[in-house]
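Inspection log for the structure reproduced underneath, given as structure tokens.
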Amino acid sequence: MVEELVIAVIAAVCACGLYAMAAARVVRQYERGVVFRLGRLQEGIRGPGFTTILPFVDKLHKVNLQIVTMPVPAQDGITRDNVTVRVDAVIYFKVVDAAEALVRVEDYRFAVSQMAQTSLRSIIGKSDLDDLLSNREKLNQGLELMIDSPAIGWGVQIDRVEIKDVSLPETMKRSMARQAEADRERRARVINADAELQASKKLAEAAKEMSGQPAALQLRLLQTVVAVAAEKNSTLVLPFPVELLRFLERATPAEAVQAVQAVSGAVQAAPSPPADQSPAAAATDGADGADAADAAEPGAPDAVEPGAPDLAVPGLTTRPKVSSVPTTSSPMPAPPLEEEPQKRQDAQPV
């Protein structure tokens with residue numbers, strides 16, 4: 001009798017141990033337990049820690065409440081400005097209601113993944129290429145709203161959505177590279193032109209300052225010579241004074257050429273002495289005219305023969321003087337005249 005009682009007690013203890021082992025459950029801190037009793041959802045969510053269920057009657061489902069990081073597969077699409085792109089993203093979400101996540105949707109992970117892919121395709125079609133490349137924050141917010149609207153009914157909250165990469169065709173990459181290069185070239189030219197403008201203004205101010213001090217130009221020339229000769233080179237520098245160029249510019253104007261032509265024309269057009277006047281008399285008259293010119297007062301201009309043309313030329317300070325030939329007081333004897341041909345014929349013997 002006693003042996004049968006001991007065996008019964010041991011059997012009861014083993015049965016209780018087996019029942020306790022079948023009913024005991026442990027829920028982790030980041031999990032929540034949902035109990036289904038005979039297929040019906042039980043009220044209340046089992047929190048973290050030790051809990052028990054009815055074996056063979058209740059079934060406990062553990063739901064992870066951690067934030068899930070899910071990559072969205074790359075999606076091919078055409079932007080609003082007709083550019084073919086390939087965009088992939090990443091989505092962060094978590095379960096906020098364990099019971100709804102199990103009851104409302106079969107597999108909330110797969111549902112969120114499919115919703116993210118379709119929303120990403122929709123965002124690509126509504127956006128321009130520039131927005132995909134530079135304005136991603138706005139697109140991320142729009143994509144998050146599109147996914148979060150249906151997911152909130154599944155007990156899932158979308159924490160964040162990020163567009164990870166935008167792949168462009170090679171032709172588009174080359175076009176964008178050329179555009180960027182042209183823009184940088186334009187900016188470089190504008191900056192260079194601005195620098196030239198500022199340098200020209202400074203040079204104009206420097207020239208204005210040097211015009212008051214001519215010695216400053218010579219000093220600047222010497223500085224240039226020193227700068228050129230600083231390194232070993234074969235450059236030959238010949239300083240040339242600018243004042244000499246200015247002197248030559250004033251001394252050889254176009255009026256000087258006209259003056260030379262006028263003087264040469266006047267000399268050719270001078271009147272010859274009369275036929276009945278001897279050369280000696282013409283020379284005497286020239287001498288008398290020269291003496292009269294010399295006898296004039298010192299401050300008066302040089303006298304010119306009455307018949308001679310006016311040789312005043314613009315740019316010349318004095319008129320050309322007529323040269324005189326010194327002669328004696330006694331006139332030279334006139335040369336003997338030849339006899340007429342008729343008289344010479346009479347003198348010949350018949």
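Naming works like this for the structure tokens: A, B, ... for the chains as they're shown, residue 1 at the start of each chain, ligands 1 onward in shown order.
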Worksheet item: Can you tell me, as a ChimeraX atom specification, what residues are no more than 7 Å from region 144-148 of chain A when counting only C-alpha atoms, ignoring any on the same chain fewer than 2 positions away?
Response: /A:115-116,119,140-142,150-152,157-158,160-161
Item to complete: Name the residues of region 18-83 of chain A that fall into helix (DSSP H, G or I) according to DSSP on the backbone, using the chain letters and numbers of this document, as a ChimeraX atom specification.
Response: /A:18-23
Output all heavy atoms for every residue in that selection, as an mmCIF file, in the first residue's frame.
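Output (result-v7.cif):
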```
data_model
loop_
_atom_site.group_PDB
_atom_site.id
_atom_site.type_symbol
_atom_site.label_atom_id
_atom_site.label_comp_id
_atom_site.auth_asym_id
_atom_site.auth_seq_id
_atom_site.Cartn_x
_atom_site.Cartn_y
_atom_site.Cartn_z
ATOM 1 N N LEU A 18 6.073 18.278 -15.722
ATOM 2 C CA LEU A 18 5.887 18.336 -17.185
ATOM 3 C C LEU A 18 4.889 19.442 -17.570
ATOM 4 O O LEU A 18 5.082 20.145 -18.564
ATOM 5 C CB LEU A 18 5.406 16.979 -17.681
ATOM 6 C CG LEU A 18 6.409 15.820 -17.577
ATOM 7 C CD1 LEU A 18 5.750 14.506 -17.987
ATOM 8 C CD2 LEU A 18 7.624 16.107 -18.438
ATOM 9 N N TYR A 19 3.824 19.596 -16.723
ATOM 10 C CA TYR A 19 2.847 20.652 -17.024
ATOM 11 C C TYR A 19 3.483 22.034 -16.888
ATOM 12 O O TYR A 19 3.241 22.934 -17.694
ATOM 13 C CB TYR A 19 1.653 20.513 -16.084
ATOM 14 C CG TYR A 19 0.583 21.550 -16.318
ATOM 15 C CD1 TYR A 19 -0.347 21.404 -17.343
ATOM 16 C CD2 TYR A 19 0.522 22.700 -15.511
ATOM 17 C CE1 TYR A 19 -1.319 22.359 -17.556
ATOM 18 C CE2 TYR A 19 -0.444 23.662 -15.723
ATOM 19 C CZ TYR A 19 -1.370 23.494 -16.744
ATOM 20 O OH TYR A 19 -2.337 24.467 -16.964
ATOM 21 N N ALA A 20 4.296 22.190 -15.866
ATOM 22 C CA ALA A 20 4.957 23.489 -15.662
ATOM 23 C C ALA A 20 5.932 23.792 -16.798
ATOM 24 O O ALA A 20 6.027 24.937 -17.275
ATOM 25 C CB ALA A 20 5.661 23.502 -14.308
ATOM 26 N N MET A 21 6.605 22.776 -17.212
ATOM 27 C CA MET A 21 7.545 22.998 -18.326
ATOM 28 C C MET A 21 6.804 23.329 -19.609
ATOM 29 O O MET A 21 7.256 24.152 -20.405
ATOM 30 C CB MET A 21 8.401 21.750 -18.522
ATOM 31 C CG MET A 21 9.379 21.484 -17.381
ATOM 32 S SD MET A 21 10.321 19.967 -17.617
ATOM 33 C CE MET A 21 11.114 20.286 -19.164
ATOM 34 N N ALA A 22 5.632 22.714 -19.804
ATOM 35 C CA ALA A 22 4.869 23.013 -21.017
ATOM 36 C C ALA A 22 4.176 24.354 -20.940
ATOM 37 O O ALA A 22 3.919 24.994 -21.969
ATOM 38 C CB ALA A 22 3.838 21.910 -21.247
ATOM 39 N N ALA A 23 3.852 24.837 -19.752
ATOM 40 C CA ALA A 23 3.122 26.103 -19.602
ATOM 41 C C ALA A 23 4.033 27.303 -19.432
ATOM 42 O O ALA A 23 3.605 28.442 -19.654
ATOM 43 C CB ALA A 23 2.162 26.005 -18.408
#
```
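Here CA of Glu31 (chain A) and CA of Gly47 (chain A) stand 7.6 Å from one another.
Of the residues under consideration (A:Ala216, A:Val90, A:Leu132, A:Val156), A:Val156 shows the shortest atom-to-atom contact distance to Leu102 (chain A) when counting only C-alpha atoms.
For the choices A:Val85, A:Val190, A:Val112, A:Leu221, the atom-to-atom distance to Lys173 (chain A) is smallest for A:Val85 when using only C-alpha atoms.
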Worksheet item: CA of Val226 (chain A) and CA of Lys202 (chain A), how far apart in Å?
Response: 22.1 Å
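Residues in contact with Gly49 (chain A) at 10 Å, where only C-alpha atoms are counted and same-chain residues fewer than 5 positions away are skipped, are listed as A:Arg25, A:Val26, A:Val27, A:Arg28, A:Gln29, A:Glu31, A:Arg32.
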Worksheet item: Could you pull the residues within 12 Å of Arg40 (chain A), counting only C-alpha atoms, minus those fewer than 2 positions along the same chain, as a ChimeraX atom specification?
Response: /A:34-38,42-43,57-60,99,103
Selection file, N, CA and C atoms, as a PDB file, in the first residue's frame:
```
ATOM      1  N   VAL A  34       1.663  37.645 -27.598  1.00  0.00           N
ATOM      2  CA  VAL A  34       0.251  37.649 -27.978  1.00  0.00           C
ATOM      3  C   VAL A  34      -0.245  36.210 -27.855  1.00  0.00           C
ATOM      4  N   VAL A  35      -1.305  36.000 -27.058  1.00  0.00           N
ATOM      5  CA  VAL A  35      -1.801  34.652 -26.761  1.00  0.00           C
ATOM      6  C   VAL A  35      -3.087  34.416 -27.548  1.00  0.00           C
ATOM      7  N   PHE A  36      -3.114  33.287 -28.211  1.00  0.00           N
ATOM      8  CA  PHE A  36      -4.302  32.819 -28.905  1.00  0.00           C
ATOM      9  C   PHE A  36      -4.780  31.542 -28.188  1.00  0.00           C
ATOM     10  N   ARG A  37      -5.995  31.602 -27.626  1.00  0.00           N
ATOM     11  CA  ARG A  37      -6.555  30.438 -26.945  1.00  0.00           C
ATOM     12  C   ARG A  37      -7.622  29.818 -27.826  1.00  0.00           C
ATOM     13  N   LEU A  38      -7.314  28.617 -28.255  1.00  0.00           N
ATOM     14  CA  LEU A  38      -8.185  27.902 -29.184  1.00  0.00           C
ATOM     15  C   LEU A  38      -8.503  28.760 -30.415  1.00  0.00           C
ATOM     16  N   GLN A  42      -6.575  36.589 -27.125  1.00  0.00           N
ATOM     17  CA  GLN A  42      -6.847  36.887 -25.732  1.00  0.00           C
ATOM     18  C   GLN A  42      -6.558  38.360 -25.437  1.00  0.00           C
ATOM     19  N   GLU A  43      -7.329  38.877 -24.523  1.00  0.00           N
ATOM     20  CA  GLU A  43      -7.140  40.257 -24.124  1.00  0.00           C
ATOM     21  C   GLU A  43      -5.809  40.405 -23.366  1.00  0.00           C
ATOM     22  N   VAL A  57      -3.657  24.296 -25.207  1.00  0.00           N
ATOM     23  CA  VAL A  57      -4.852  25.136 -25.366  1.00  0.00           C
ATOM     24  C   VAL A  57      -4.466  26.520 -25.881  1.00  0.00           C
ATOM     25  N   ASP A  58      -3.467  27.136 -25.238  1.00  0.00           N
ATOM     26  CA  ASP A  58      -2.999  28.477 -25.639  1.00  0.00           C
ATOM     27  C   ASP A  58      -1.761  28.340 -26.524  1.00  0.00           C
ATOM     28  N   LYS A  59      -1.619  29.350 -27.361  1.00  0.00           N
ATOM     29  CA  LYS A  59      -0.423  29.438 -28.225  1.00  0.00           C
ATOM     30  C   LYS A  59       0.107  30.869 -28.143  1.00  0.00           C
ATOM     31  N   LEU A  60       1.365  31.016 -27.761  1.00  0.00           N
ATOM     32  CA  LEU A  60       1.990  32.327 -27.558  1.00  0.00           C
ATOM     33  C   LEU A  60       2.831  32.711 -28.774  1.00  0.00           C
ATOM     34  N   ALA A  99      -0.503  42.968 -31.494  1.00  0.00           N
ATOM     35  CA  ALA A  99      -1.706  42.239 -31.888  1.00  0.00           C
ATOM     36  C   ALA A  99      -2.147  42.617 -33.284  1.00  0.00           C
ATOM     37  N   VAL A 103      -2.637  40.237 -36.568  1.00  0.00           N
ATOM     38  CA  VAL A 103      -4.001  39.977 -37.006  1.00  0.00           C
ATOM     39  C   VAL A 103      -4.302  40.665 -38.331  1.00  0.00           C
TER      40      VAL A 103
END
```
Worksheet item: Pick from A:Leu143, A:Ala98, A:Met70, A:Leu54: nearest to Thr118 (chain A), with only C-alpha atoms counted?
Response: A:Leu143
